[in-house]
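Participant: Below is the file protein.txt, with compact mmCIF, C-alpha atoms and all ligand atoms.
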# COMPACT_ATOMS: atom_id res chain seq x y z
CA MET D 21 -125.29 147.49 67.45
CA VAL D 22 -125.69 144.86 64.74
CA THR D 23 -123.59 141.78 65.33
CA LEU D 24 -123.51 138.46 63.51
CA THR D 25 -125.72 136.93 66.22
CA ASN D 26 -128.56 139.48 66.19
CA LEU D 27 -128.95 139.94 62.43
CA PRO D 28 -132.58 139.39 61.45
CA ASP D 29 -133.19 136.10 59.67
CA ALA D 30 -133.87 136.15 55.95
CA PRO D 31 -137.63 136.17 55.14
CA TRP D 32 -137.58 132.55 53.90
CA ILE D 33 -136.01 131.44 57.20
CA ARG D 34 -138.70 133.28 59.21
CA ASP D 35 -141.32 131.66 56.93
CA ALA D 36 -139.82 128.24 57.56
CA GLU D 37 -139.82 128.85 61.33
CA LEU D 38 -143.48 129.86 61.27
CA ASN D 39 -144.86 127.43 58.67
CA GLY D 40 -142.35 124.59 58.51
CA PRO D 41 -140.08 123.96 55.55
CA PRO D 42 -141.64 124.80 52.18
CA GLU D 43 -143.19 121.94 50.21
CA PRO D 44 -140.92 120.96 47.34
CA ASP D 45 -142.37 121.65 43.90
CA PRO D 46 -144.25 118.58 42.66
CA VAL D 47 -142.41 116.44 40.11
CA TYR D 48 -144.58 114.75 37.52
CA CYS D 49 -143.59 111.41 36.04
CA PRO D 50 -142.93 111.70 32.29
CA VAL D 51 -144.41 108.22 31.82
CA CYS D 52 -147.67 108.29 33.81
CA GLY D 53 -147.97 111.97 34.70
CA GLU D 54 -148.47 111.33 38.41
CA ASP D 55 -146.95 113.50 41.12
CA CYS D 56 -144.10 111.24 42.25
CA SER D 57 -141.11 111.18 44.58
CA GLU D 58 -138.77 108.79 42.75
CA ILE D 59 -137.92 108.29 39.08
CA TYR D 60 -136.62 104.97 37.74
CA PHE D 61 -134.22 104.59 34.80
CA ASP D 62 -133.11 101.72 32.63
CA LYS D 63 -129.44 100.95 32.02
CA GLY D 64 -129.38 103.41 29.15
CA GLY D 65 -130.50 106.27 31.41
CA ASN D 66 -134.00 106.35 29.91
CA VAL D 67 -136.84 107.07 32.31
CA VAL D 68 -139.01 103.98 32.64
CA GLY D 69 -141.39 105.22 35.33
CA CYS D 70 -141.78 106.36 38.89
CA ASP D 71 -142.61 105.04 42.34
CA TYR D 72 -146.27 105.39 41.34
CA CYS D 73 -146.33 103.46 38.05
CA ILE D 74 -143.46 100.99 38.54
CA SER D 75 -144.01 97.93 40.68
CA ARG D 76 -141.52 95.39 41.89
CA GLN D 77 -141.73 91.77 42.90
CA ASP D 78 -139.52 89.13 44.45
CA ALA D 79 -137.65 87.52 41.54
CA GLY D 80 -138.40 83.99 42.75
CA GLU D 81 -142.14 84.71 43.04
CA TRP D 82 -142.13 86.28 39.59
CA ALA D 83 -140.35 83.28 38.06
CA ALA D 84 -142.83 80.88 39.71
CA GLU D 85 -145.81 82.88 38.37
CA GLU D 86 -144.29 82.98 34.87
CA ALA D 87 -143.73 79.21 34.95
CA GLU D 88 -147.35 78.72 36.04
CA LYS D 89 -148.63 80.94 33.18
CA ALA D 90 -146.49 79.02 30.67
CA ARG D 91 -147.89 75.73 32.01
CA GLU D 92 -151.49 76.98 31.68
CA ILE D 93 -150.87 78.18 28.12
CA GLU D 94 -149.37 74.78 27.24
CA GLU D 95 -152.41 73.00 28.75
CA ASP D 96 -154.83 75.22 26.80
CA ARG D 97 -152.89 74.47 23.61
CA LYS D 98 -153.13 70.71 24.27
CA CYS D 99 -156.89 71.05 24.94
CA ASP D 100 -157.35 72.95 21.66
CA GLU D 101 -155.41 70.25 19.80
CA ARG D 102 -157.62 67.54 21.30
CA ARG D 103 -160.79 69.47 20.41
CA LEU D 104 -159.57 70.01 16.86
CA GLY D 105 -158.71 66.31 16.72
CA ASP D 106 -162.31 65.39 17.68
CA ASP D 107 -163.76 67.63 14.96
CA TRP D 108 -161.78 65.97 12.16
ZN ZN V 201 -144.97 107.18 36.74
Translate this structure into structure tokens?

Facilitator:
Amino acid sequence: MVTLTNLPDAPWIRDAELNGPPEPDPVYCPVCGEDCSEIYFDKGGNVVGCDYCISRQDAGEWAAEEAEKAREIEEDRKCDERRLGDDW
């Protein structure tokens, strides 16, 4: 007699029991083309990248690095001005 409890499992369930759950199909980032697990969007819903090609940083650290770069650029500019001044 076939009851609800002794029905054979569907083939994909038997597969999953033998081999583990199937691997999800790979998703490729439209920006970098890498096989990725997360996609990131901007406010407009446009894809900007994935967990592979997007990096993140502490905002305070980023601001400090930007300030340092700006300071170096300003120093280089002053050096160039001095050098130009010597040539004249
Ligand atoms: Zn990517």

Participant: May I ask you to write as an MDAnalysis selection string all residues lying at most 9 Å from ligand ZN 201 (chain V), with all atoms listed in the file counted?

Facilitator: chainID D and resid 48:56 58:60 68:74

Participant: Would you give the centre and edge lengths, in Å to one decimal, of a box along x, y and z around the listed atoms of stretch 60-67 of chain D, with 4 Å added to each side, as lines of an AutoDock Vina configuration file?

Facilitator:
center_x = -133.1
center_y = 104.0
center_z = 33.4
size_x = 15.5
size_y = 14.1
size_z = 16.6

Participant: Atom CA of D:Asp45 and atom CA of D:Gly65, how far apart in Å?

Facilitator: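 Atom CA of D:Gly65 sits 23.1 Å away from atom CA of D:Asp45.
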
Participant: Just the number, please: distance in Å from atom CA of D:Gly64 to atom CA of D:Ala87, one decimal.

Facilitator: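 Interatomic distance, atom CA of D:Gly64 to atom CA of D:Ala87: 28.7 Å.
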
Participant: One decimal, Å: what's the distance from atom CA of D:Asp96 over to atom CA of D:Gln77, could you say?

Facilitator: 26.5 Å

Participant: Using only C-alpha atoms, which residues sit within 10 Å of D:Pro41 once same-chain residues fewer than 6 positions away are excluded, as a PyMOL selection string?

Facilitator: chain D and resi 32-33+35
